[in-house]
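Below: query.cif (mmCIF, C-alpha atoms)
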data_input
#
loop_
_atom_site.label_atom_id
_atom_site.label_comp_id
_atom_site.auth_asym_id
_atom_site.auth_seq_id
_atom_site.Cartn_x
_atom_site.Cartn_y
_atom_site.Cartn_z
CA MET A 26 19.64 2.78 2.13
CA PRO A 27 17.03 4.96 3.89
CA GLY A 28 13.48 5.30 2.64
CA THR A 29 11.49 8.45 1.99
CA ARG A 30 8.54 9.57 4.05
CA LEU A 31 5.17 10.40 2.53
CA SER A 32 3.71 13.78 3.39
CA GLY A 33 0.07 14.82 3.66
CA ALA A 34 -2.36 12.81 1.58
CA ARG A 35 0.17 11.63 -0.98
CA ARG A 36 -0.17 8.10 -2.22
CA THR A 37 2.82 6.04 -3.25
CA ILE A 38 3.23 3.97 -6.38
CA ALA A 39 4.82 0.58 -5.59
CA VAL A 40 6.46 -0.10 -8.93
CA ALA A 41 7.97 2.19 -11.50
CA LEU A 42 5.84 1.07 -14.46
CA LEU A 43 2.38 1.89 -13.19
CA CYS A 44 1.22 4.51 -15.71
CA SER A 45 -1.29 2.53 -17.76
CA ALA A 46 -3.43 4.85 -19.92
CA MET A 47 -6.37 4.04 -22.18
CA LEU A 48 -5.63 3.93 -25.90
CA LEU A 49 -6.58 7.11 -27.67
CA ILE A 50 -7.38 6.67 -31.35
CA GLY A 51 -6.82 9.39 -33.88
CA ALA A 52 -9.96 9.95 -35.93
CA ALA A 53 -8.00 10.68 -39.08
CA GLN A 54 -5.51 7.82 -38.87
CA GLY A 55 -7.73 5.26 -37.12
CA SER A 56 -4.69 3.85 -35.28
CA ALA A 57 -3.79 3.42 -31.62
CA ARG A 58 -0.64 4.18 -29.71
CA ALA A 59 0.89 1.39 -27.59
CA ASP A 60 -0.80 0.68 -24.25
CA ARG A 61 -0.04 -1.73 -21.45
CA ALA A 62 -1.58 -3.81 -18.67
CA PHE A 63 0.39 -5.21 -15.74
CA VAL A 64 0.68 -8.54 -13.94
CA VAL A 65 1.88 -8.87 -10.35
CA THR A 66 4.73 -11.40 -10.39
CA ALA A 67 5.81 -11.14 -6.75
CA VAL A 68 4.46 -9.76 -3.49
CA SER A 69 6.10 -8.62 -0.28
CA GLY A 70 4.55 -8.09 3.10
CA SER A 71 5.32 -8.23 6.81
CA ALA A 72 3.94 -7.03 10.11
CA TYR A 73 4.99 -6.92 13.74
CA GLY A 74 3.57 -5.67 17.00
CA TYR A 75 6.52 -3.80 18.52
CA PHE A 76 10.26 -3.33 18.27
CA SER A 77 12.68 -1.25 20.34
CA ASN A 78 16.37 -0.46 20.03
CA VAL A 79 17.47 1.71 22.95
CA GLY A 80 20.69 2.58 24.75
CA PHE A 81 20.96 4.20 28.19
CA PHE A 82 23.52 6.59 29.68
CA GLY A 83 25.68 6.42 26.56
CA GLY A 84 25.83 2.62 26.53
CA PRO A 85 25.26 0.35 23.51
CA PRO A 86 21.69 -0.13 22.33
CA ALA A 87 19.75 -3.32 23.10
CA THR A 88 16.74 -4.62 21.21
CA ARG A 89 13.36 -6.01 22.23
CA GLY A 90 11.35 -7.69 19.49
CA PRO A 91 10.23 -7.50 16.77
CA ALA A 92 7.33 -9.51 18.15
CA PRO A 93 5.02 -11.03 17.20
CA MET A 94 6.03 -11.02 13.53
CA VAL A 95 4.84 -12.44 10.19
CA THR A 96 6.40 -12.39 6.71
CA LEU A 97 4.73 -13.01 3.35
CA PRO A 98 6.51 -15.34 0.86
CA SER A 99 7.29 -13.68 -2.48
CA ALA A 100 4.99 -16.19 -4.20
CA GLY A 101 2.17 -15.04 -1.92
CA SER A 102 -0.43 -16.70 0.26
CA ALA A 103 -4.16 -16.60 -0.45
CA GLY A 104 -4.85 -17.28 3.22
CA SER A 105 -3.96 -14.90 6.01
CA ILE A 106 -0.62 -15.55 7.76
CA THR A 107 -1.26 -14.53 11.37
CA ALA A 108 0.68 -14.35 14.63
CA THR A 109 -0.51 -13.34 18.09
CA ALA A 110 0.86 -12.54 21.53
CA ALA A 111 -1.03 -12.30 24.80
CA THR A 112 1.03 -9.29 25.88
CA GLY A 113 3.81 -7.03 24.67
CA SER A 114 6.76 -5.83 26.72
CA ALA A 115 9.94 -3.82 26.14
CA VAL A 116 11.60 -3.39 29.53
CA TYR A 117 15.20 -2.33 30.20
CA GLY A 118 15.95 -2.86 33.89
CA PRO A 119 14.00 -0.21 35.77
CA ALA A 120 12.95 1.54 32.53
CA THR A 121 9.69 0.45 30.88
CA ILE A 122 9.50 1.51 27.22
CA PHE A 123 6.40 -0.39 26.08
CA THR A 124 3.71 -2.69 27.45
CA SER A 125 0.41 -3.84 26.01
CA GLY A 126 -2.37 -6.38 26.05
CA PRO A 127 -3.13 -8.81 23.17
CA ILE A 128 -1.41 -8.27 19.81
CA THR A 129 -2.47 -9.66 16.41
CA VAL A 130 -0.49 -9.22 13.19
CA SER A 131 -1.26 -10.61 9.73
CA THR A 132 -0.26 -10.49 6.06
CA GLN A 133 -1.48 -12.07 2.84
CA GLY A 134 -1.18 -11.57 -0.91
CA THR A 135 -1.49 -13.16 -4.33
CA THR A 136 0.20 -12.76 -7.70
CA GLY A 137 -1.40 -12.42 -11.15
CA ALA A 138 -3.31 -9.72 -13.00
CA THR A 139 -5.35 -8.88 -9.90
CA GLY A 140 -2.51 -9.55 -7.46
CA SER A 141 -2.15 -7.59 -4.24
CA ALA A 142 -0.55 -7.64 -0.80
CA THR A 143 -2.10 -6.56 2.51
CA SER A 144 -0.59 -6.36 5.99
CA SER A 145 -2.11 -5.24 9.29
CA THR A 146 -1.48 -4.95 13.01
CA ASN A 147 -3.76 -4.61 16.02
CA ILE A 148 -2.51 -3.88 19.54
CA GLN A 149 -4.82 -3.59 22.53
CA ASN A 150 -4.30 -1.61 25.75
CA VAL A 151 -0.99 0.14 25.17
CA ASN A 152 0.64 1.15 28.49
CA THR A 153 -0.61 -1.56 30.83
CA SER A 154 2.30 -0.60 33.11
CA GLY A 155 1.00 2.94 33.54
CA ASN A 156 4.58 4.24 33.29
CA GLU A 157 4.78 5.15 29.58
CA VAL A 158 4.13 8.48 27.88
CA PHE A 159 1.82 7.00 25.19
CA THR A 160 -1.48 5.38 26.20
CA ALA A 161 -4.21 3.93 23.96
CA THR A 162 -7.00 1.39 24.22
CA ASN A 163 -6.25 0.20 20.68
CA VAL A 164 -3.61 0.85 18.01
CA ALA A 165 -3.90 -0.48 14.44
CA SER A 166 -2.07 -0.04 11.14
CA THR A 167 -2.68 -1.44 7.67
CA CYS A 168 -1.43 -1.17 4.09
CA THR A 169 -2.55 -2.57 0.74
CA ALA A 170 -0.46 -2.76 -2.45
CA THR A 171 -1.66 -3.47 -5.99
CA GLU A 172 -0.13 -2.86 -9.43
CA ALA A 173 -1.91 0.51 -9.39
CA GLY A 174 -0.39 1.78 -6.14
CA ILE A 175 -0.24 1.51 -2.34
CA THR A 176 -2.36 2.91 0.48
CA GLY A 177 -1.71 2.87 4.20
CA SER A 178 -3.46 4.10 7.34
CA THR A 179 -3.40 4.10 11.13
CA THR A 180 -6.19 4.12 13.70
CA ILE A 181 -5.61 5.18 17.32
CA THR A 182 -8.44 4.62 19.79
CA GLY A 183 -8.37 6.51 23.09
CA GLY A 184 -4.84 7.75 22.47
CA THR A 185 -2.98 10.30 24.61
CA VAL A 186 0.64 11.41 24.92
CA GLN A 187 2.06 12.91 28.09
CA THR A 188 4.21 15.63 26.56
CA ASP A 189 5.54 16.78 29.93
CA SER A 190 5.90 14.43 32.90
CA GLY A 191 5.67 17.36 35.29
CA LEU A 192 8.34 18.59 37.67
CA ASP A 193 8.16 17.65 41.36
CA LEU A 194 11.42 18.91 42.81
CA ASN A 195 10.89 17.62 46.35
CA SER A 196 8.97 14.46 45.32
CA ASP A 197 6.00 15.30 47.52
CA GLY A 198 3.53 14.59 44.69
CA ASP A 199 1.74 17.95 44.68
CA PHE A 200 3.57 19.84 41.86
CA THR A 201 2.72 23.10 43.68
CA ASP A 202 6.02 24.14 45.18
CA ALA A 203 8.22 26.88 43.76
CA GLY A 204 9.68 25.95 40.37
CA GLU A 205 7.36 22.93 39.94
CA HIS A 206 4.69 22.30 37.27
CA VAL A 207 2.00 19.71 36.62
CA PRO A 208 2.14 17.03 33.89
CA VAL A 209 0.75 17.91 30.44
CA THR A 210 -1.22 15.44 28.29
CA VAL A 211 -2.50 15.83 24.71
CA VAL A 212 -4.98 13.74 22.71
CA VAL A 213 -3.79 11.75 19.68
CA PRO A 214 -6.09 11.99 16.62
CA ALA A 215 -8.14 8.84 15.97
CA ASN A 216 -7.11 8.84 12.30
CA PRO A 217 -3.82 10.74 12.23
CA ALA A 218 -2.61 12.16 8.95
CA PRO A 219 0.60 10.60 7.63
CA ASN A 220 3.59 11.53 9.80
CA THR A 221 1.67 13.34 12.55
CA SER A 222 4.32 14.43 15.05
CA ILE A 223 4.01 15.14 18.80
CA GLU A 224 7.05 16.25 20.81
CA GLY A 225 7.58 16.09 24.54
CA HIS A 226 9.94 15.46 27.43
CA ILE A 227 10.18 13.71 30.76
CA HIS A 228 12.05 14.78 33.86
CA VAL A 229 14.53 12.21 35.20
CA GLY A 230 15.84 13.74 38.41
CA THR A 231 17.51 16.95 37.34
CA THR A 232 17.79 15.79 33.71
CA THR A 233 15.21 16.48 30.99
CA ASP A 234 14.92 13.68 28.42
CA ASN A 235 13.36 14.57 25.08
CA PHE A 236 11.29 12.47 22.69
CA ARG A 237 9.22 12.77 19.53
CA TYR A 238 6.27 10.52 18.62
CA VAL A 239 5.30 10.13 14.96
CA PHE A 240 1.88 8.59 14.31
CA ASN A 241 0.89 6.97 11.02
CA GLU A 242 4.51 7.18 9.93
CA GLN A 243 4.64 6.25 6.23
CA ILE A 244 7.97 5.43 4.59
CA VAL A 245 8.57 4.55 0.94
CA ASN A 246 11.32 1.92 0.82
CA PRO A 247 13.98 1.68 -1.93
CA ASP A 248 12.18 -1.33 -3.46
CA GLY A 249 8.95 0.68 -3.76
CA SER A 250 7.15 -1.02 -0.88
CA LEU A 251 5.44 1.03 1.83
CA THR A 252 6.07 0.80 5.58
CA VAL A 253 3.37 2.09 7.93
CA ASN A 254 4.32 2.51 11.59
CA ALA A 255 1.24 3.14 13.70
CA ALA A 256 3.47 4.89 16.26
CA HIS A 257 7.21 5.55 16.26
CA GLU A 258 8.84 7.06 19.34
CA TYR A 259 12.20 8.68 18.76
CA LEU A 260 14.03 8.75 22.12
CA LEU A 261 16.35 11.74 21.81
CA GLY A 262 18.16 11.55 25.16
CA PRO A 263 20.35 12.37 26.83
CA THR A 264 19.48 9.47 29.17
CA ALA A 265 17.66 7.16 26.73
CA VAL A 266 18.52 7.21 23.01
CA GLY A 267 16.92 5.01 20.36
CA ASP A 268 13.62 3.98 18.81
CA LEU A 269 10.35 2.30 19.74
CA ILE A 270 8.06 1.20 16.90
CA ILE A 271 4.49 0.10 17.63
CA GLY A 272 2.36 -1.66 14.99
CA GLN A 273 4.41 -1.89 11.79
CA SER A 274 2.77 -3.00 8.51
CA ARG A 275 4.73 -3.29 5.26
CA CYS A 276 3.53 -4.30 1.78
CA GLY A 277 4.55 -4.06 -1.87
CA VAL A 278 4.23 -5.74 -5.24
CA THR A 279 6.44 -6.32 -8.27
CA ALA A 280 4.58 -5.90 -11.55
CA VAL A 281 5.59 -6.54 -15.15
CA THR A 282 3.88 -5.66 -18.39
CA ALA A 283 1.17 -8.24 -19.16
CA ALA A 284 0.35 -6.97 -22.64
CA THR A 285 1.66 -4.19 -24.81
CA PHE A 286 -0.52 -3.06 -27.71
CA ARG A 287 1.34 -1.72 -30.71
CA SER A 288 -1.70 -0.77 -32.75
CA LEU A 289 -5.47 -1.09 -33.13
CA THR A 290 -7.36 -0.15 -36.29
CA ALA A 291 -10.87 -0.56 -37.68
CA ALA A 292 -11.38 -0.14 -41.45
CA ALA A 293 -14.76 -0.35 -43.23
CA ALA A 294 -15.36 -1.72 -46.74
CA GLY A 295 -18.96 -2.10 -47.82
CA ARG A 296 -20.88 -4.07 -45.17
CA GLU A 297 -17.75 -5.25 -43.37
CA VAL A 298 -15.35 -3.76 -40.85
CA LEU A 299 -11.89 -5.29 -40.52
CA VAL A 300 -10.54 -4.89 -36.98
CA ARG A 301 -6.79 -5.42 -36.65
CA TRP A 302 -4.54 -5.24 -33.63
CA ARG A 303 -0.91 -6.01 -32.83
CA THR A 304 0.70 -6.78 -29.49
CA ALA A 305 4.35 -6.44 -28.52
CA SER A 306 4.17 -8.75 -25.49
CA GLU A 307 1.66 -11.13 -23.91
CA ILE A 308 2.10 -12.53 -20.38
CA ASP A 309 -0.45 -14.78 -18.64
CA MET A 310 -3.03 -13.95 -21.31
CA LEU A 311 -5.84 -16.28 -22.39
CA GLY A 312 -7.17 -14.35 -25.38
CA PHE A 313 -9.21 -11.47 -26.78
CA ASN A 314 -12.80 -10.38 -27.33
CA VAL A 315 -13.86 -7.75 -29.86
CA TYR A 316 -16.50 -5.21 -28.86
CA GLY A 317 -18.33 -2.59 -30.92
CA GLN A 318 -20.41 0.42 -29.96
CA VAL A 319 -24.04 -0.57 -30.50
CA ASN A 320 -26.85 1.76 -29.43
CA GLY A 321 -24.41 3.70 -27.27
CA LYS A 322 -23.16 0.60 -25.43
CA ARG A 323 -20.33 -1.89 -25.87
CA ALA A 324 -21.49 -5.17 -27.39
CA LYS A 325 -19.42 -8.32 -27.80
CA LEU A 326 -19.08 -9.30 -31.46
CA ASN A 327 -17.09 -12.56 -31.51
CA ARG A 328 -18.79 -15.82 -30.52
CA ARG A 329 -15.64 -17.51 -29.24
CA LEU A 330 -12.60 -16.17 -27.46
CA ILE A 331 -9.78 -15.31 -29.86
CA ALA A 332 -6.84 -17.23 -28.38
CA ALA A 333 -3.58 -15.46 -27.56
CA ARG A 334 -0.71 -16.85 -29.64
CA SER A 335 2.61 -16.07 -27.99
CA GLY A 336 4.35 -14.36 -25.11
CA SER A 337 6.36 -12.12 -27.42
CA GLY A 338 3.43 -10.54 -29.27
CA ALA A 339 1.48 -11.24 -32.46
CA SER A 340 -0.91 -9.80 -35.06
CA TYR A 341 -4.67 -10.45 -35.03
CA SER A 342 -7.70 -9.59 -37.12
CA PHE A 343 -11.46 -9.91 -36.85
CA ARG A 344 -13.91 -9.37 -39.71
CA HIS A 345 -17.21 -7.91 -38.54
CA ARG A 346 -20.02 -8.45 -41.05
CA ILE A 347 -22.82 -5.89 -40.73
CA LEU A 348 -26.27 -7.40 -41.18
CA ALA A 349 -28.72 -5.80 -43.59
CA GLY A 350 -30.66 -3.02 -41.94
CA LYS A 351 -28.10 -2.69 -39.14
CA LYS A 352 -25.80 0.25 -38.61
CA ALA A 353 -22.07 -0.37 -38.36
CA PRO A 354 -20.45 0.51 -35.01
CA ALA A 355 -18.53 3.78 -35.00
CA ARG A 356 -15.93 2.48 -32.53
CA TYR A 357 -14.32 -0.83 -31.58
CA TRP A 358 -12.54 -2.07 -28.46
CA ILE A 359 -10.41 -5.09 -27.63
CA GLN A 360 -10.95 -6.84 -24.31
CA VAL A 361 -7.93 -8.76 -23.03
CA VAL A 362 -8.84 -11.82 -20.93
CA ASN A 363 -6.11 -13.04 -18.57
CA LEU A 364 -5.51 -16.58 -17.30
CA ASP A 365 -6.91 -15.74 -13.87
CA GLY A 366 -10.19 -14.50 -15.38
CA SER A 367 -9.49 -10.79 -15.02
CA SER A 368 -9.68 -8.49 -18.02
CA SER A 369 -8.61 -5.09 -19.34
CA TRP A 370 -9.69 -2.83 -22.20
CA TYR A 371 -7.89 -1.24 -25.15
CA GLY A 372 -9.39 1.29 -27.49
CA PRO A 373 -11.58 2.66 -28.82
CA ALA A 374 -10.58 2.57 -32.49
CA ARG A 375 -12.68 4.87 -34.65
CA VAL A 376 -13.81 3.31 -37.96
CA THR A 377 -12.16 4.60 -41.13
CA LYS A 378 -12.90 3.84 -44.79
CA HIS A 379 -10.69 1.69 -47.01
CA ALA A 380 -8.85 3.80 -49.56
#
Kindly present the structure from the file in structure tokens form.
Amino acid sequence: MPGTRLSGARRTIAVALLCSAMLLIGAAQGSARADRAFVVTAVSGSAYGYFSNVGFFGGPPATRGPAPMVTLPSAGSAGSITATAATGSAVYGPATIFTSGPITVSTQGTTGATGSATSSTNIQNVNTSGNEVFTATNVASTCTATEAGITGSTTITGGTVQTDSGLDLNSDGDFTDAGEHVPVTVVVPANPAPNTSIEGHIHVGTTTDNFRYVFNEQIVNPDGSLTVNAAHEYLLGPTAVGDLIIGQSRCGVTAVTAATFRSLTAAAAGREVLVRWRTASEIDMLGFNVYGQVNGKRAKLNRRLIAARSGSGASYSFRHRILAGKKAPARYWIQVVNLDGSSSWYGPARVTKHA
């Protein structure tokens, strides 16, 4: 199933349930609508230096690569998984599609409340053969996925594309005879916008072969992950037909709801405020802290962490006794502390009076 390209400066969300909003408390009711935090339960990531799939003169396509290549396990890896190659080469008989110097690719990622996945590629000295239309001293791509979304980018250093190989009808090398024209070369942006396209052609004898290069190609995959191709050459024929991909990074995460809040209230009676909250689900949670607004700032009110009780949700309460001479907070928040030490906030709940 094909993916969907990003356009312009759009950013892609990796998982469907990524719309986590702060709780808004009604002043009259003093209650909160349900809110959620998310935990990354699986990560995906991969990277490779180059891959080609090209057929010539109407024949079947043949592949070169992907190489070098790395893949991230779904459970993640805190350390970088890296592969290197001293050179890159995609050669089909007399036709050279891609050559380069050293290539490094890597991926890593972790699960949990702060889970993420990152992949990257770095290719030096593209077109060491001198026979390719795209030349660059360095090509790099990267992407990073978290429960909040995915970003990707490409950097091209010293990049040019020969959009016209020139026409030398008598092969004398001067391009000045009748009907001839000189080669044309354009500069590739150092930080191309997503899906920057450059079209061109080469002359093969009396045949004109067309191509299109797409730089910083960004594709949203059906599973929500993002693929970033630093450069993708579409060989449109008629002599050579197929694809060349240079510097592919892919990353994504799978996130589930860590905690769903059903309600949060704060009710005052005399010199006490009773803070109550209910959860619908609790995943990888350690417990809760209660905060109140004191002198315009959030202040922790409980001495010990209030332990989470179950994965399916529970009801909790905290009684805040206001010392003599002290003013009761006008608002209260709940801080959720996760097993990995990360935290998230819910609230505020505005204080109401007991009936």
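Selection by the PyMOL selection byres ((chain A and resi 142) around 6) on the present file picks out Gln133, Gly134, Ser141, Thr143, Thr169, Ala170 and Cys276 of chain A.
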Practice task
Using atom CA of A:Leu260 and atom CA of A:Arg237 as the two end points, give the distance in Å to one decimal.
Solution key: 6.8 Å
Practice task
Record the distance separating atom CA of A:Glu307 and atom CA of A:Thr136, expressed in Å with one decimal.
Solution key: 16.4 Å
Exercise for the section: Between A:Pro217, A:Pro354, A:Gly267, A:Gly83, single out the one closest to A:Ala374, counting only C-alpha atoms. Expected result: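 So, comparing all the options, the nearest one is A:Pro354.
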Written as an mmCIF file with C-alpha atoms, in the coordinates of the input, which residues does the PyMOL selection byres ((chain A and resi 273) around 8) give for the file shown?
data_model
loop_
_atom_site.group_PDB
_atom_site.id
_atom_site.type_symbol
_atom_site.label_atom_id
_atom_site.label_comp_id
_atom_site.auth_asym_id
_atom_site.auth_seq_id
_atom_site.Cartn_x
_atom_site.Cartn_y
_atom_site.Cartn_z
ATOM 1 C CA ALA A 72 3.940 -7.030 10.110
ATOM 2 C CA TYR A 73 4.990 -6.920 13.740
ATOM 3 C CA GLY A 74 3.570 -5.670 17.000
ATOM 4 C CA TYR A 75 6.520 -3.800 18.520
ATOM 5 C CA SER A 145 -2.110 -5.240 9.290
ATOM 6 C CA THR A 146 -1.480 -4.950 13.010
ATOM 7 C CA SER A 166 -2.070 -0.040 11.140
ATOM 8 C CA THR A 252 6.070 0.800 5.580
ATOM 9 C CA VAL A 253 3.370 2.090 7.930
ATOM 10 C CA ASN A 254 4.320 2.510 11.590
ATOM 11 C CA ALA A 255 1.240 3.140 13.700
ATOM 12 C CA ILE A 270 8.060 1.200 16.900
ATOM 13 C CA ILE A 271 4.490 0.100 17.630
ATOM 14 C CA GLY A 272 2.360 -1.660 14.990
ATOM 15 C CA SER A 274 2.770 -3.000 8.510
ATOM 16 C CA ARG A 275 4.730 -3.290 5.260
#
Practice task
Starting from the displayed file, determine the output of the PyMOL selection byres ((chain A and resi 135) around 12) and express the residue list as a PyMOL selection string.
Solution key: chain A and resi 64-70+97-105+132-134+136-143+169-172+276-280+365
Exercise for the section: In Å, rounded to a single decimal, give me how far atom CA of A:Ala120 is from atom CA of A:Asp199. Expected result: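 Pair atom CA of A:Asp199 / atom CA of A:Ala120 returns 23.3 Å.
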Handout entry: A:Tyr259 environment, 10 Å, only C-alpha atoms, sequence neighbours closer than 5 positions dropped, as an MDAnalysis selection string
Key = chainID A and resid 79 224 235:239 265:270
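Checking A:Val130, A:Ala355, A:Ile148, A:Met310 one by one against A:Ser337, counting only C-alpha atoms, you find the shortest gap at A:Met310.
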Practice task
Identify, on the basis of only C-alpha atoms, every residue whose closest approach to stretch 291-298 of chain A does not exceed 6 Å; exclude the query and any residue fewer than 2 positions from it along the same chain; express the result as a ChimeraX atom specification.
Solution key: /A:300,344-347,376-379
Grab the residues selected above and save them as a PDB file, keeping the file's coordinate frame with C-alpha atoms.
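New file again_2.pdb:
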ATOM      1  CA  VAL A 300     -10.540  -4.890 -36.980  1.00  0.00           C
ATOM      2  CA  ARG A 344     -13.910  -9.370 -39.710  1.00  0.00           C
ATOM      3  CA  HIS A 345     -17.210  -7.910 -38.540  1.00  0.00           C
ATOM      4  CA  ARG A 346     -20.020  -8.450 -41.050  1.00  0.00           C
ATOM      5  CA  ILE A 347     -22.820  -5.890 -40.730  1.00  0.00           C
ATOM      6  CA  VAL A 376     -13.810   3.310 -37.960  1.00  0.00           C
ATOM      7  CA  THR A 377     -12.160   4.600 -41.130  1.00  0.00           C
ATOM      8  CA  LYS A 378     -12.900   3.840 -44.790  1.00  0.00           C
ATOM      9  CA  HIS A 379     -10.690   1.690 -47.010  1.00  0.00           C
TER      10      HIS A 379
END
